[in-house]
file final_1.txt (compact mmCIF, C-alpha atoms)
# COMPACT_ATOMS: atom_id res chain seq x y z
CA MET A 1 -30.82 26.56 -196.71
CA ASN A 2 -29.29 29.53 -194.85
CA GLN A 3 -28.10 31.01 -198.13
CA ILE A 4 -31.58 30.70 -199.71
CA ILE A 5 -33.27 32.30 -196.71
CA LYS A 6 -30.78 35.16 -196.66
CA LYS A 7 -31.13 35.75 -200.40
CA GLU A 8 -34.94 35.84 -200.20
CA ALA A 9 -34.80 38.19 -197.21
CA LEU A 10 -32.30 40.39 -199.04
CA ASP A 11 -34.53 40.65 -202.11
CA CYS A 12 -37.44 41.67 -199.87
CA VAL A 13 -35.36 44.37 -198.17
CA ILE A 14 -33.99 45.99 -201.31
CA GLN A 15 -37.50 46.19 -202.77
CA GLN A 16 -38.30 48.62 -199.95
CA ILE A 17 -35.64 51.13 -200.95
CA LYS A 18 -37.04 54.40 -202.23
CA PHE A 19 -35.14 57.42 -203.44
CA TYR A 20 -35.54 60.72 -205.27
CA GLN A 21 -33.34 62.20 -207.98
CA LEU A 22 -33.04 65.97 -208.33
CA ARG A 23 -31.15 67.97 -210.94
CA ILE A 24 -30.03 71.43 -209.89
CA THR A 25 -28.97 73.74 -212.70
CA PHE A 26 -26.88 76.86 -212.16
CA GLU A 27 -25.42 79.69 -214.24
CA ALA A 28 -21.83 80.82 -213.78
CA ILE A 29 -21.53 84.52 -212.95
CA GLU A 30 -17.73 84.31 -213.10
CA ASP A 31 -15.42 81.84 -214.79
CA ILE A 32 -15.27 78.74 -212.59
CA HIS A 33 -12.15 76.57 -212.33
CA LEU A 34 -12.73 72.99 -211.17
CA SER A 35 -10.77 69.74 -211.08
CA GLU A 36 -11.51 67.07 -213.68
CA TYR A 37 -13.78 65.25 -211.25
CA LYS A 38 -16.38 67.87 -210.35
CA GLY A 39 -18.17 65.81 -207.68
CA SER A 40 -15.63 66.85 -205.07
CA ALA A 41 -16.23 70.58 -205.65
CA PHE A 42 -20.02 70.17 -205.70
CA ARG A 43 -19.91 68.15 -202.47
CA GLY A 44 -17.67 70.70 -200.77
CA CYS A 45 -19.77 73.67 -201.83
CA LEU A 46 -23.03 71.94 -200.88
CA GLY A 47 -21.64 70.98 -197.48
CA ASP A 48 -20.30 74.48 -196.76
CA ALA A 49 -23.63 76.10 -197.71
CA PHE A 50 -25.64 73.56 -195.71
CA ARG A 51 -23.51 74.10 -192.62
CA HIS A 52 -23.78 77.88 -193.06
CA GLU A 53 -27.57 77.59 -193.28
CA VAL A 54 -28.31 75.33 -190.30
CA CYS A 55 -25.28 74.94 -188.01
CA ARG A 56 -25.67 76.53 -184.56
CA PHE A 57 -22.12 75.64 -183.44
CA PRO A 58 -19.98 76.16 -186.57
CA LYS A 59 -16.68 75.94 -184.70
CA LYS A 60 -17.42 72.47 -183.31
CA LYS A 61 -16.93 69.19 -185.14
CA CYS A 62 -20.11 67.17 -185.47
CA GLU A 63 -18.93 64.42 -183.11
CA ALA A 64 -18.29 67.02 -180.39
CA CYS A 65 -21.54 68.92 -180.93
CA PRO A 66 -24.38 68.58 -178.39
CA LEU A 67 -26.85 68.58 -181.31
CA GLU A 68 -25.12 65.77 -183.23
CA TYR A 69 -28.28 63.62 -183.21
CA ASP A 70 -30.69 66.52 -183.70
CA CYS A 71 -29.16 68.43 -186.60
CA GLU A 72 -30.06 68.49 -190.30
CA PHE A 73 -26.43 68.86 -191.35
CA ALA A 74 -25.35 65.81 -189.36
CA ALA A 75 -28.38 63.84 -190.59
CA LEU A 76 -27.25 64.27 -194.20
CA PHE A 77 -23.47 64.54 -194.10
CA GLU A 78 -22.47 62.63 -190.96
CA ALA A 79 -25.44 60.29 -190.36
CA PRO A 80 -24.07 58.98 -187.06
CA LEU A 81 -25.55 56.00 -185.26
CA PRO A 82 -26.40 56.53 -181.58
CA ALA A 83 -24.44 54.40 -179.12
CA GLY A 84 -27.57 52.37 -178.31
CA HIS A 85 -28.24 51.33 -181.90
CA HIS A 86 -27.88 47.61 -182.53
CA LEU A 87 -25.41 48.30 -185.39
CA PHE A 88 -23.26 50.76 -183.41
CA GLY A 89 -19.64 49.71 -183.41
CA LYS A 90 -19.98 47.54 -186.46
CA TYR A 91 -21.36 50.28 -188.70
CA THR A 92 -20.88 53.40 -186.56
CA HIS A 93 -20.53 55.55 -189.70
CA PRO A 94 -22.89 53.95 -192.22
CA PRO A 95 -23.51 55.07 -195.82
CA ARG A 96 -24.90 58.60 -196.10
CA PRO A 97 -28.47 58.98 -197.40
CA TYR A 98 -27.46 60.92 -200.51
CA LEU A 99 -25.30 60.83 -203.63
CA ILE A 100 -23.94 63.67 -205.72
CA ILE A 101 -23.61 62.86 -209.42
CA PRO A 102 -21.66 65.54 -211.29
CA MET A 103 -22.39 66.59 -214.85
CA PRO A 104 -20.41 64.53 -217.38
CA GLY A 105 -17.37 65.78 -219.25
CA LYS A 106 -13.74 66.51 -218.42
CA GLU A 107 -13.90 70.28 -218.86
CA THR A 108 -12.25 72.08 -215.94
CA ILE A 109 -13.41 75.62 -216.76
CA ILE A 110 -17.03 76.81 -216.83
CA ILE A 111 -17.19 80.12 -218.67
CA ALA A 112 -19.26 82.94 -217.16
CA GLY A 113 -22.78 82.84 -218.55
CA ASN A 114 -22.75 79.08 -219.17
CA GLU A 115 -25.02 76.65 -217.35
CA PHE A 116 -23.87 73.65 -215.33
CA TYR A 117 -25.56 71.17 -213.02
CA PHE A 118 -25.28 68.23 -210.69
CA ASP A 119 -27.78 65.55 -209.73
CA LEU A 120 -28.58 64.86 -206.09
CA ILE A 121 -30.13 61.57 -205.02
CA LEU A 122 -31.88 61.60 -201.64
CA ILE A 123 -32.57 58.21 -200.08
CA GLY A 124 -35.66 57.48 -198.00
CA SER A 125 -36.09 59.74 -194.99
CA ALA A 126 -33.54 62.27 -196.31
CA ILE A 127 -36.37 63.76 -198.38
CA ARG A 128 -37.50 65.58 -195.22
CA LEU A 129 -34.53 67.91 -195.78
CA LEU A 130 -35.79 69.11 -199.17
CA SER A 131 -37.05 72.53 -198.07
CA THR A 132 -33.71 73.26 -196.39
CA LEU A 133 -31.81 72.04 -199.44
CA ILE A 134 -33.73 74.41 -201.70
CA ARG A 135 -32.48 77.32 -199.60
CA VAL A 136 -29.00 75.82 -199.61
CA PHE A 137 -28.91 75.57 -203.42
CA GLN A 138 -29.50 79.32 -203.58
CA LEU A 139 -26.83 80.02 -200.97
CA MET A 140 -24.18 77.91 -202.72
CA GLY A 141 -23.70 80.47 -205.47
CA LYS A 142 -23.12 83.29 -203.01
CA LEU A 143 -20.36 81.33 -201.25
CA GLY A 144 -18.70 80.37 -204.51
CA ILE A 145 -17.04 77.25 -205.87
CA GLY A 146 -13.71 76.14 -207.30
CA THR A 147 -10.20 77.40 -206.73
CA GLY A 148 -11.24 81.06 -206.74
CA TYR A 149 -14.62 80.62 -205.03
CA SER A 150 -16.25 81.88 -208.22
CA LYS A 151 -19.85 83.04 -207.91
CA PHE A 152 -22.88 81.54 -209.65
CA LYS A 153 -26.65 81.47 -209.28
CA ALA A 154 -29.32 78.77 -209.07
CA LEU A 155 -31.65 78.62 -212.07
CA ARG A 156 -33.98 75.64 -211.66
CA ILE A 157 -34.64 72.35 -209.89
CA GLU A 158 -36.01 69.32 -211.69
CA HIS A 159 -36.94 65.84 -210.52
CA PHE A 160 -36.58 62.56 -212.38
CA SER A 161 -39.10 59.87 -213.24
CA PRO A 162 -37.97 56.67 -214.97
CA ILE A 163 -41.03 57.02 -217.23
CA VAL A 164 -40.92 60.67 -218.36
CA GLY A 165 -37.39 61.79 -217.44
CA PHE A 166 -36.66 65.17 -215.85
CA GLN A 167 -39.55 67.52 -215.10
CA PRO A 168 -39.78 70.81 -213.15
CA LEU A 169 -40.04 70.23 -209.41
CA PRO A 170 -43.59 71.02 -208.25
CA VAL A 171 -43.86 74.12 -206.09
CA PHE A 172 -46.22 72.31 -203.73
CA GLY A 173 -45.33 68.64 -203.63
CA LEU A 174 -42.53 66.12 -203.47
CA PRO A 175 -40.24 64.73 -206.15
CA PHE A 176 -41.15 61.49 -207.89
CA GLU A 177 -40.46 58.48 -205.66
CA ILE A 178 -38.28 55.87 -207.37
CA MET A 179 -38.40 52.23 -206.26
CA PRO A 180 -36.83 49.03 -207.69
CA ASP A 181 -40.14 47.66 -208.98
CA GLN A 182 -40.19 50.54 -211.50
CA PHE A 183 -36.96 49.46 -213.19
CA ILE A 184 -36.80 47.84 -216.60
CA TYR A 185 -34.43 44.95 -216.00
CA GLN A 186 -31.96 43.93 -218.65
CA GLN A 187 -31.84 40.26 -219.53
CA ILE A 188 -28.47 38.58 -219.12
CA ASP A 189 -27.46 35.03 -219.92
CA SER A 190 -24.14 33.78 -218.64
CA THR A 191 -22.06 36.94 -219.22
CA LEU A 192 -22.27 40.31 -217.48
CA ASN A 193 -20.37 43.41 -218.62
CA LEU A 194 -19.91 46.26 -216.17
CA VAL A 195 -18.42 49.62 -217.13
CA PHE A 196 -16.97 51.56 -214.18
CA GLN A 197 -17.60 55.15 -215.27
CA HIS A 198 -16.30 56.81 -212.09
CA PRO A 199 -13.56 55.29 -209.89
CA ILE A 200 -14.94 52.38 -207.89
CA ARG A 201 -13.07 51.53 -204.69
CA PHE A 202 -13.23 48.33 -202.67
CA ILE A 203 -11.49 47.75 -199.35
CA LYS A 204 -10.00 44.46 -198.16
CA ALA A 205 -8.07 44.13 -194.90
CA ARG A 206 -8.39 47.92 -194.53
CA LYS A 207 -6.48 48.53 -197.75
CA PRO A 208 -7.65 49.45 -201.27
CA TYR A 209 -8.14 46.33 -203.38
CA LYS A 210 -6.24 47.06 -206.59
CA ASP A 211 -6.67 43.70 -208.34
CA PRO A 212 -9.69 43.22 -210.60
CA PRO A 213 -12.60 42.82 -208.13
CA PRO A 214 -14.05 39.29 -208.07
CA PHE A 215 -17.81 39.01 -208.43
CA GLU A 216 -18.30 38.01 -204.79
CA MET A 217 -16.61 41.26 -203.71
CA MET A 218 -18.99 43.26 -205.88
CA ILE A 219 -22.05 41.46 -204.50
CA GLU A 220 -20.92 41.59 -200.88
CA ASN A 221 -20.34 45.34 -201.15
CA LEU A 222 -23.67 45.99 -202.86
CA SER A 223 -25.58 43.77 -200.41
CA ARG A 224 -24.11 45.51 -197.38
CA ARG A 225 -24.66 48.98 -198.82
CA MET A 226 -28.26 48.36 -199.90
CA THR A 227 -29.32 46.66 -196.66
CA LEU A 228 -27.91 49.55 -194.63
CA LEU A 229 -29.63 52.16 -196.81
CA ALA A 230 -32.92 50.25 -196.66
CA HIS A 231 -32.79 49.66 -192.90
CA LEU A 232 -31.55 53.08 -191.75
CA TYR A 233 -33.47 55.35 -194.13
CA CYS A 234 -36.38 53.30 -195.55
CA GLN A 235 -37.68 51.50 -192.43
CA ALA A 236 -36.84 48.02 -193.75
CA ASP A 237 -35.98 45.12 -191.45
CA TRP A 238 -32.29 44.42 -190.90
CA VAL A 239 -30.71 41.49 -192.72
CA ASP A 240 -27.13 40.63 -191.83
CA THR A 241 -25.39 39.76 -195.09
CA ASP A 242 -22.01 38.85 -193.60
CA ARG A 243 -20.93 35.47 -194.97
CA ALA A 244 -24.45 34.92 -196.26
CA PHE A 245 -23.64 33.97 -199.84
CA ASP A 246 -21.25 31.32 -201.05
CA LEU A 247 -20.35 32.67 -204.48
CA GLU A 248 -16.77 31.54 -204.77
CA GLY A 249 -16.23 29.72 -208.06
CA LYS A 250 -19.80 30.21 -209.30
CA VAL A 251 -19.02 33.43 -211.17
CA LYS A 252 -15.60 34.14 -212.62
CA ILE A 253 -13.91 37.09 -214.28
CA LYS A 254 -14.06 36.52 -218.03
CA MET A 255 -11.98 39.54 -219.03
CA HIS A 256 -11.21 43.07 -217.90
CA GLN A 257 -9.79 46.33 -219.17
CA LEU A 258 -9.31 48.23 -215.94
CA GLU A 259 -6.98 51.00 -214.87
CA TRP A 260 -6.33 52.32 -211.38
CA LYS A 261 -7.13 56.03 -211.04
CA ASP A 262 -5.32 57.87 -208.25
CA TRP A 263 -7.14 60.79 -206.64
CA THR A 264 -7.00 62.47 -203.22
CA ARG A 265 -9.25 65.15 -201.80
CA TYR A 266 -8.95 67.39 -198.75
CA SER A 267 -11.96 67.07 -196.46
CA GLY A 268 -12.79 70.26 -194.59
CA THR A 269 -15.19 68.35 -192.36
CA LYS A 270 -12.56 65.83 -191.29
CA GLU A 271 -9.60 68.21 -191.75
CA MET A 272 -7.49 65.63 -193.57
CA ASN A 273 -6.65 64.32 -197.03
CA MET A 274 -8.86 61.43 -198.11
CA CYS A 275 -8.18 58.86 -200.83
CA PHE A 276 -10.83 58.39 -203.51
CA ASP A 277 -8.83 56.30 -205.95
CA GLY A 278 -10.31 53.27 -207.68
CA HIS A 279 -10.87 51.24 -210.83
CA LEU A 280 -12.02 52.68 -214.15
CA GLY A 281 -12.89 50.64 -217.24
CA THR A 282 -14.71 47.43 -218.13
CA ILE A 283 -14.95 44.05 -216.46
CA SER A 284 -16.88 40.98 -217.62
CA TYR A 285 -18.13 38.16 -215.40
CA GLU A 286 -19.51 34.79 -216.43
CA GLY A 287 -21.45 32.20 -214.46
CA GLU A 288 -24.66 32.08 -212.39
CA LEU A 289 -25.63 35.75 -212.72
CA THR A 290 -29.42 35.86 -212.95
CA PRO A 291 -30.13 35.78 -209.15
CA TRP A 292 -28.17 39.02 -208.75
CA LEU A 293 -29.69 41.06 -211.55
CA LYS A 294 -31.96 43.17 -209.31
CA MET A 295 -29.13 43.97 -206.92
CA LEU A 296 -26.81 44.92 -209.77
CA GLN A 297 -29.49 47.07 -211.43
CA LEU A 298 -30.12 48.96 -208.18
CA GLY A 299 -26.38 49.56 -207.94
CA THR A 300 -26.43 51.41 -211.27
CA TRP A 301 -28.63 53.99 -209.51
CA LEU A 302 -27.10 54.04 -206.01
CA HIS A 303 -23.52 53.08 -206.93
CA ALA A 304 -21.05 50.73 -205.23
CA GLY A 305 -17.76 50.89 -203.39
CA SER A 306 -16.58 52.89 -200.39
CA THR A 307 -16.88 56.42 -201.85
CA ALA A 308 -20.33 56.40 -203.46
CA THR A 309 -21.52 59.60 -201.78
CA PHE A 310 -19.35 61.70 -204.10
CA GLY A 311 -20.82 60.02 -207.16
CA LEU A 312 -17.92 57.59 -207.31
CA GLY A 313 -18.60 53.90 -207.83
CA LYS A 314 -20.92 54.69 -210.75
CA TYR A 315 -21.23 51.84 -213.23
CA THR A 316 -23.48 50.71 -216.06
CA ILE A 317 -24.53 47.28 -217.33
CA VAL A 318 -23.69 46.85 -221.01
CA SER A 319 -24.98 44.13 -223.32
CA ASP A 320 -22.61 42.13 -225.51

call {"tool": "encode", "arguments": {"input": "final_1.txt", "output": "structure tokens"}}
result
Amino acid sequence: MNQIIKKEALDCVIQQIKFYQLRITFEAIEDIHLSEYKGSAFRGCLGDAFRHEVCRFPKKKCEACPLEYDCEFAALFEAPLPAGHHLFGKYTHPPRPYLIIPMPGKETIIIAGNEFYFDLILIGSAIRLLSTLIRVFQLMGKLGIGTGYSKFKALRIEHFSPIVGFQPLPVFGLPFEIMPDQFIYQQIDSTLNLVFQHPIRFIKARKPYKDPPPFEMMIENLSRRMTLLAHLYCQADWVDTDRAFDLEGKVKIKMHQLEWKDWTRYSGTKEMNMCFDGHLGTISYEGELTPWLKMLQLGTWLHAGSTATFGLGKYTIVSD
């Protein structure tokens, strides 16, 4: 009975998630040299420009700043929980209310004069930062990106609707609000195929889990991530998903073609190297899958794993 109640409550919570997808297109003024995974460079440039635009104490770390809980930069990039919050300690540093999704392709050089872009997903209350972000997009090009801090300029901002695709962002108005009830859900029988397009990273016992992830690990991660996003940024009630679902043995790995991708990135905010390695490739599950279709579909938009903010943990559902 507890499992049924938790699952029903979870479905209700995730239906309250709302988010907005922007596409920001730029033109390279100089040749730009990037790593194969461009999300890191876009995140670093966006963060530097945002801090430059709003930070009143640029020499202080966010956790030592007197404005930590009253700062637009911290609200987006640090998202700390106050000590009095009922989740403080357990989720002191919860998921951030945004994702950066880099343009596809493995090219590492953008030639001067060519266009490039990234998508930015803002979750729930993070939309209040839109006017600041528009200024930040313009500032990014002046600060530069890549190994040589090459210059570029902002060209246009579009917003996405699941019905009509990308459209110019209205001058006076908000982007299209996306919610789970707008999705077209794929039908699955007893087999589910997931393609991990960007490295997806799960943690177990504080270490990266390098074996093929069992289905229960996927669902537990998605459930925790979505309930936190819904509760902290979309005003949904809190549902504790710890040990809520007994999935062991009900869904099994049918086959997989996965490889482990190693990648580290230096974080200027944290002043340390951070690991963003994870699985790439295809994994198939078989068993009682239908109850989890909505959760899995939402994950194709908001990603899974421990490094989703950078656009990692991106996966698609593929039919047989």

call {"tool": "residues_around", "arguments": {"input": "final_1.txt", "residues": "region 282-291 of chain A", "least_positions_apart": "4", "cutoff": "6 Å", "atoms": "all atoms listed in the file", "output": "list in words"}}
result
Ser190, Thr191, Leu192, Asn193, Leu194, Val195, Lys250, Val251, Lys252, Ile253, Lys254, Met255, His256, Gln257 and Leu258 of chain A

call {"tool": "closest_residue", "arguments": {"input": "final_1.txt", "among": "A:Leu229, A:Glu72, A:Pro208, A:Gly305", "to": "Pro97 (chain A)", "atoms": "all atoms listed in the file"}}
result
A:Leu229

call {"tool": "closest_residue", "arguments": {"input": "final_1.txt", "among": "A:Leu46, A:Leu10, A:Ile110, A:Met103", "to": "Leu133 (chain A)", "atoms": "all atoms listed in the file"}}
result
A:Leu46

call {"tool": "axis_aligned_box", "arguments": {"input": "final_1.txt", "around": "region 137-141 of chain A", "padding_each_side": "4 Å", "output": "lines of an AutoDock Vina configuration file"}}
result
center_x = -26.6
center_y = 78.0
center_z = -203.2
size_x = 13.8
size_y = 12.9
size_z = 12.5

call {"tool": "atom_distance", "arguments": {"input": "final_1.txt", "atom1": "CA of His33 (chain A)", "atom2": "CA of Ile134 (chain A)"}}
result
24.2 Å

call {"tool": "build_atoms", "arguments": {"input": "final_1.txt", "residues": "region 57-88 of chain A", "atoms": "N, CA and C atoms", "output": "CSV table (one decimal), keeping the file's coordinate frame"}}
result
chain,number,residue,atom,x,y,z
A,57,PHE,N,-23.4,75.6,-184.1
A,57,PHE,CA,-22.1,75.6,-183.4
A,57,PHE,C,-21.1,75.4,-184.5
A,58,PRO,N,-20.8,76.4,-185.4
A,58,PRO,CA,-20.0,76.2,-186.6
A,58,PRO,C,-18.5,75.9,-186.2
A,59,LYS,N,-18.1,76.2,-185.0
A,59,LYS,CA,-16.7,75.9,-184.7
A,59,LYS,C,-16.5,74.6,-184.1
A,60,LYS,N,-17.5,73.8,-183.9
A,60,LYS,CA,-17.4,72.5,-183.3
A,60,LYS,C,-17.5,71.4,-184.4
A,61,LYS,N,-16.7,70.3,-184.3
A,61,LYS,CA,-16.9,69.2,-185.1
A,61,LYS,C,-18.2,68.5,-184.8
A,62,CYS,N,-18.8,67.8,-185.7
A,62,CYS,CA,-20.1,67.2,-185.5
A,62,CYS,C,-20.1,66.2,-184.3
A,63,GLU,N,-19.0,65.4,-184.2
A,63,GLU,CA,-18.9,64.4,-183.1
A,63,GLU,C,-18.8,65.0,-181.7
A,64,ALA,N,-18.4,66.3,-181.7
A,64,ALA,CA,-18.3,67.0,-180.4
A,64,ALA,C,-19.5,68.0,-180.1
A,65,CYS,N,-20.4,68.0,-181.0
A,65,CYS,CA,-21.5,68.9,-180.9
A,65,CYS,C,-22.7,68.3,-180.1
A,66,PRO,N,-23.3,69.1,-179.2
A,66,PRO,CA,-24.4,68.6,-178.4
A,66,PRO,C,-25.6,68.3,-179.2
A,67,LEU,N,-25.7,68.8,-180.4
A,67,LEU,CA,-26.8,68.6,-181.3
A,67,LEU,C,-26.6,67.5,-182.4
A,68,GLU,N,-25.5,66.7,-182.2
A,68,GLU,CA,-25.1,65.8,-183.2
A,68,GLU,C,-26.3,64.9,-183.7
A,69,TYR,N,-27.2,64.5,-182.8
A,69,TYR,CA,-28.3,63.6,-183.2
A,69,TYR,C,-29.6,64.4,-183.5
A,70,ASP,N,-29.5,65.7,-183.5
A,70,ASP,CA,-30.7,66.5,-183.7
A,70,ASP,C,-30.3,67.7,-184.6
A,71,CYS,N,-29.7,67.4,-185.7
A,71,CYS,CA,-29.2,68.4,-186.6
A,71,CYS,C,-29.3,68.0,-188.0
A,72,GLU,N,-29.9,68.8,-188.9
A,72,GLU,CA,-30.1,68.5,-190.3
A,72,GLU,C,-28.7,68.3,-191.0
A,73,PHE,N,-27.7,69.1,-190.7
A,73,PHE,CA,-26.4,68.9,-191.4
A,73,PHE,C,-25.9,67.5,-191.0
A,74,ALA,N,-25.9,67.1,-189.8
A,74,ALA,CA,-25.4,65.8,-189.4
A,74,ALA,C,-26.2,64.7,-190.0
A,75,ALA,N,-27.5,64.9,-190.0
A,75,ALA,CA,-28.4,63.8,-190.6
A,75,ALA,C,-28.0,63.5,-192.0
A,76,LEU,N,-27.6,64.5,-192.8
A,76,LEU,CA,-27.2,64.3,-194.2
A,76,LEU,C,-25.8,63.9,-194.4
A,77,PHE,N,-24.9,64.7,-193.8
A,77,PHE,CA,-23.5,64.5,-194.1
A,77,PHE,C,-22.7,63.7,-193.1
A,78,GLU,N,-23.2,63.5,-191.9
A,78,GLU,CA,-22.5,62.6,-191.0
A,78,GLU,C,-23.2,61.3,-190.7
A,79,ALA,N,-24.6,61.4,-190.6
A,79,ALA,CA,-25.4,60.3,-190.4
A,79,ALA,C,-24.9,59.3,-189.3
A,80,PRO,N,-24.6,59.8,-188.1
A,80,PRO,CA,-24.1,59.0,-187.1
A,80,PRO,C,-25.1,58.0,-186.5
A,81,LEU,N,-24.7,56.9,-186.0
A,81,LEU,CA,-25.6,56.0,-185.3
A,81,LEU,C,-25.4,56.3,-183.8
A,82,PRO,N,-26.5,56.4,-183.0
A,82,PRO,CA,-26.4,56.5,-181.6
A,82,PRO,C,-25.8,55.3,-180.9
A,83,ALA,N,-25.2,55.5,-179.8
A,83,ALA,CA,-24.4,54.4,-179.1
A,83,ALA,C,-25.4,53.2,-178.8
A,84,GLY,N,-26.7,53.5,-178.6
A,84,GLY,CA,-27.6,52.4,-178.3
A,84,GLY,C,-28.1,51.6,-179.5
A,85,HIS,N,-27.7,52.0,-180.7
A,85,HIS,CA,-28.2,51.3,-181.9
A,85,HIS,C,-27.6,50.0,-182.0
A,86,HIS,N,-28.4,49.0,-182.5
A,86,HIS,CA,-27.9,47.6,-182.5
A,86,HIS,C,-26.7,47.4,-183.5
A,87,LEU,N,-26.5,48.4,-184.4
A,87,LEU,CA,-25.4,48.3,-185.4
A,87,LEU,C,-24.2,49.2,-185.0
A,88,PHE,N,-24.3,49.9,-183.9
A,88,PHE,CA,-23.3,50.8,-183.4
A,88,PHE,C,-22.0,49.9,-183.1
